[in-house]
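*Asks:* Okay, handing you the structure first.
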Amino acid sequence: MKKSKSINAEVAFPYIMILPTLSIIFIFLLYPIGNTFYLSTQNHVLTNLKDSGFIGLENFKTLSVDGVFWKSAFNSIIWTFANVGIQVILGLVTALLLNMDFKGRGLFRALMFTPWAVGGILVALIFGFMFNESIGVIGDLLMKLGLVNQKVSWFSSGNSSMLAIIIANTWRGVPFFTVSILSSLQTIPLEVYESADVDGANSWVKFSRITMPLIKDTLILTTLLRTIWTLNVVDLIYGMTNGGPNFSTLTIPVYIMKLFNESLNMGYASAVAVVMIIILMIFSAAYLKIGKYGEEEYY
Amino acid sequence: MPAEKIKKLITIYIPVIFCSLTTLFPFYWFLCTSLKPERSIMQLPLEYFPSQITGENYLKITNNFGFSHYFINSLIVSITTTLLIIVIAIMGGYAVSRYKFRGKKGFMLLLLLTQMLPGVVILIPLFSIFNKLGLINNLGSLVITYTAINLPFCLIMMSGFFSSLPPTLEEAAMIDGCSRWRAIFTIIVPAIMPGVVSSGAFAFVNAWNEFIFSLNFINQSSKFTLPIGLSMMKGEFTVNYGGLAAGTIISLVPVLLIFCYIQKYLVKGLAAGAVKG
């Protein structure tokens, strides 16, 4: 009798240990997601609560003809692909560089990672100042280099605003790729390259036939994960342009936040959030499938 | 030999120097700005090396009533979040690393999926929850939210550190009559201190930098955290870039120090958790 009790205790032990985590995730992450789905079918405007109630898919109908929503969807695509595309290339180059043997490599590596620690809103403050029209250092440098011949008013046109926020986010995002790719590069045994040298392979052949195939999986997974995280960025865009001018840098998550803050239309904001959750679920499924998550035994 | 050296210079050192300059320049520029007197910040042509260095911006900002409040609020929120996460992640990480149990796969999948979730899609329901609990304009709402969003990654990271230790360690202690709880906290945890410190540091940095929830849950200026306080200052005195730069530099110092310390563990954690190597 006593023995079976202790076996039960042993079976229950891991569940007791994960209970706090599970409760927190259920109450503060999963329940809110469910609630977002529920709210998306409701008319729920904080300034007009007496008309609240179930309206079915009405919010989604409004959304399908909402020009600002479509503009933000289009901007999200540009924002995400431009950022990820530039960052993966720069990340690969810096990782290859850091994988070479040279004096001061440790220091260089530490320096290259620092932008990662800077919060989105601080990046927005720093780059907002650097892109300032009259006293911004970026315009000044471009003039000194002769690339432009007058001051650039970055935040008055849509395209240059988008360019400015992409540059700022790239500065912050490259280290993530560098770290991930570098850790993958370091798993390639040196002998592989040495035997390629014996066969007389040049650098390009070594890169395309050895390095790339071996880091391909990491590259794909890192890129997918980063695609999801880039799409989710709010603070940096909010701080630098707040979606302007004329919605030209408004992305879907920034739109959700503005709907909540400015129109207090919780139902409609939730409908946009539901669309975003569905898009993310597709990307996450791809990520889990390609990464073969859930198929292996954990430890 | 010189040909070899020139090749190394072109293929390695020039790109390295270029990368370092672009990475460091924004830091340098804000540091420079924070040390310049206000009038020379607004002056053209721009001074790339300050002709006159002053500490007045730092003095002004640290004497500013608001700023010191923001700093303390950020410290309170980040430290509380970090401590909570450490305790909960030790428990969960230990279970995941040492036990096989039904539902473990599902649990791990849940942890991974929460990594993909943007804060903004749960913002509205969380706001309602905290509103009902009376936690709007209370730093507690931030502590709870930051714990929830950072816990999954920290737990995965922590379990990796547990797995690097042989189970014989606590088994021996338990044979000597030590309870499992005691064995975990007095023998295992001290042995994985680097893991505890780095998951804690990860949580601290994220809590320190968080903006969206803080902006929406707190609207009383005495309760602002640093990111909100600084972004509000930009609107408050649009011309005082010196003060803003000094405030930004001060708020960067803790995270950069922590980051230097944890980066090698973070790479390991990334390889074990979010990004499979």
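The way I read the labels, and the way they are meant: chains A, B, ... in the order of the structure tokens, residue 1 as the first residue of every chain, and ligand 1 as the first ligand shown, with later ones counted on from there.
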Just need the residues of chain B within 6 Å of chain A, counting only C-alpha atoms, so spit them out as a list in words.
*Replies:*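 Residues satisfying the distance criterion: Met91, Gly92, Ala95, Pro118, Val121, Ile122, Pro125, Ala148, Asn209 and Gly277 of chain B.
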*Asks:* May I have the residues from that selection written out with C-alpha atoms, as a PDB file, in the first residue's frame?
*Replies:*
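Now in again39.pdb:
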```
ATOM      1  CA  MET B  91      10.988  23.467 -11.863  1.00  0.00           C
ATOM      2  CA  GLY B  92       9.730  22.984 -15.421  1.00  0.00           C
ATOM      3  CA  ALA B  95      10.882  17.946 -15.147  1.00  0.00           C
ATOM      4  CA  PRO B 118       3.138  38.462 -31.269  1.00  0.00           C
ATOM      5  CA  VAL B 121      -2.715  39.744 -30.656  1.00  0.00           C
ATOM      6  CA  ILE B 122      -3.212  39.100 -26.940  1.00  0.00           C
ATOM      7  CA  PRO B 125      -7.863  40.368 -23.833  1.00  0.00           C
ATOM      8  CA  ALA B 148       4.295  34.608 -19.359  1.00  0.00           C
ATOM      9  CA  ASN B 209      13.237  46.540 -23.284  1.00  0.00           C
ATOM     10  CA  GLY B 277      21.343  23.685 -35.066  1.00  0.00           C
TER      11      GLY B 277
END
```
*Asks:* Given only C-alpha atoms as the basis, pick out the residue of A:Ile188, A:Leu214, A:Ile86, A:Ile77 nearest to Ile279 (chain A).
*Replies:* A:Ile77
*Asks:* Pull the alpha helix (DSSP H) assignments for region 18-237 of chain B out of DSSP run on the backbone, and list those residues as a ChimeraX atom specification.
*Replies:* /B:18-35,38-41,56-63,65-98,104-114,123-132,139-163,168-175,180-183,189-191,193-209,212-217,226-236
*Asks:* Out of A:Ser195, A:Ile138, A:Val148, A:Gly173, which residue has the shortest atom-to-atom distance to Tyr48 (chain B) when counting only C-alpha atoms?
*Replies:*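 Between A:Ser195, A:Ile138, A:Val148, A:Gly173, the residue approaching Tyr48 (chain B) most closely is A:Ile138.
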*Asks:* Between CA of Ala89 (chain B) and CA of Leu155 (chain B), measure the distance and give it in Å to one decimal.
*Replies:*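 These atoms are spaced 4.5 Å apart.
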*Asks:* Please measure the separation of CA of Tyr70 (chain B) and CA of Ala164 (chain A), giving the value in Å to one decimal.
*Replies:*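 A separation of 28.4 Å between them.
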*Asks:* At what distance in Å, to one decimal, does CA of Lys132 (chain B) lie from CA of Gln42 (chain A)?
*Replies:*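 Distance between the two atoms: 19.1 Å.
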*Asks:* Contacts of Asn48 (chain A) at 10 Å or less, counting only C-alpha atoms, minus same-chain residues fewer than 4 places along, as an MDAnalysis selection string?
*Replies:* chainID A and resid 43:44 52 264:265
*Asks:* Now that the selection is made, can you save its residues with N, CA and C atoms as an mmCIF file, in the first residue's frame?
*Replies:*
```cif
data_model
loop_
_atom_site.group_PDB
_atom_site.id
_atom_site.type_symbol
_atom_site.label_atom_id
_atom_site.label_comp_id
_atom_site.auth_asym_id
_atom_site.auth_seq_id
_atom_site.Cartn_x
_atom_site.Cartn_y
_atom_site.Cartn_z
ATOM 1 N N ASN A 43 -19.617 43.012 -31.709
ATOM 2 C CA ASN A 43 -19.533 44.456 -31.840
ATOM 3 C C ASN A 43 -19.142 44.958 -30.452
ATOM 4 N N HIS A 44 -17.937 45.460 -30.320
ATOM 5 C CA HIS A 44 -17.467 45.851 -28.999
ATOM 6 C C HIS A 44 -16.602 47.105 -29.122
ATOM 7 N N SER A 52 -23.202 46.665 -27.913
ATOM 8 C CA SER A 52 -22.345 45.484 -27.963
ATOM 9 C C SER A 52 -23.166 44.218 -28.191
ATOM 10 N N LEU A 264 -10.593 52.498 -30.178
ATOM 11 C CA LEU A 264 -11.143 51.714 -29.068
ATOM 12 C C LEU A 264 -12.145 50.671 -29.559
ATOM 13 N N ASN A 265 -12.029 50.301 -30.860
ATOM 14 C CA ASN A 265 -12.911 49.289 -31.410
ATOM 15 C C ASN A 265 -12.293 47.913 -31.198
#
```
*Asks:* Which residue gives the smallest distance to Gly140 (chain B) among B:Leu113, B:Ile188, B:Val96, B:Ile218, with only C-alpha atoms counted?
*Replies:*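 Of B:Leu113, B:Ile188, B:Val96, B:Ile218, the one nearest Gly140 (chain B) is B:Ile218, counting only C-alpha atoms.
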*Asks:* Tell me which protein, DNA and RNA residues are within 10 Å of region 158-170 of chain B, counting only C-alpha atoms, leaving out same-chain ones fewer than 5 positions away, and put them as an MDAnalysis selection string.
*Replies:* (chainID A and resid 299) or (chainID B and resid 86 89:98 152:153 175:176 178:184 186:189 191:200 265 268:269 271:273)
*Asks:* Could those residues be written to a file, using C-alpha atoms, as a CSV table (one decimal), in the first residue's frame?
*Replies:*
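Output contents, as saved in again35.csv:
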```
chain,number,residue,atom,x,y,z
A,299,TYR,CA,16.3,14.1,-24.5
B,86,ILE,CA,14.1,31.5,-12.6
B,89,ALA,CA,11.8,27.6,-15.2
B,90,ILE,CA,14.0,25.6,-12.8
B,91,MET,CA,11.0,23.5,-11.9
B,92,GLY,CA,9.7,23.0,-15.4
B,93,GLY,CA,13.2,22.6,-16.9
B,94,TYR,CA,14.1,19.9,-14.4
B,95,ALA,CA,10.9,17.9,-15.1
B,96,VAL,CA,11.4,18.1,-18.9
B,97,SER,CA,15.0,17.2,-18.7
B,98,ARG,CA,14.8,14.3,-16.2
B,152,PRO,CA,8.8,29.2,-22.4
B,153,PHE,CA,12.2,30.1,-23.9
B,175,ILE,CA,20.2,7.9,-1.2
B,176,ASP,CA,21.9,9.8,1.6
B,178,CYS,CA,18.0,14.2,1.0
B,179,SER,CA,14.5,14.9,-0.4
B,180,ARG,CA,14.2,15.5,-4.2
B,181,TRP,CA,13.3,19.1,-3.8
B,182,ARG,CA,16.2,19.7,-1.5
B,183,ALA,CA,18.5,17.8,-3.9
B,184,ILE,CA,17.4,20.0,-6.8
B,186,THR,CA,20.9,22.6,-3.0
B,187,ILE,CA,22.9,20.4,-5.3
B,188,ILE,CA,21.7,20.6,-8.9
B,189,VAL,CA,21.0,24.3,-9.2
B,191,ALA,CA,25.9,23.1,-10.4
B,192,ILE,CA,24.1,24.8,-13.3
B,193,MET,CA,24.6,28.4,-12.1
B,194,PRO,CA,25.7,29.6,-15.6
B,195,GLY,CA,22.4,28.3,-16.9
B,196,VAL,CA,20.4,30.0,-14.2
B,197,VAL,CA,22.3,33.3,-14.7
B,198,SER,CA,21.9,33.3,-18.5
B,199,SER,CA,18.2,32.4,-18.6
B,200,GLY,CA,17.6,35.0,-15.9
B,265,TYR,CA,25.3,30.9,-23.3
B,268,LYS,CA,24.0,27.5,-26.8
B,269,GLY,CA,20.4,28.2,-25.7
B,271,ALA,CA,21.0,26.1,-30.6
B,272,ALA,CA,19.2,23.9,-28.1
B,273,GLY,CA,15.9,25.6,-28.1
```
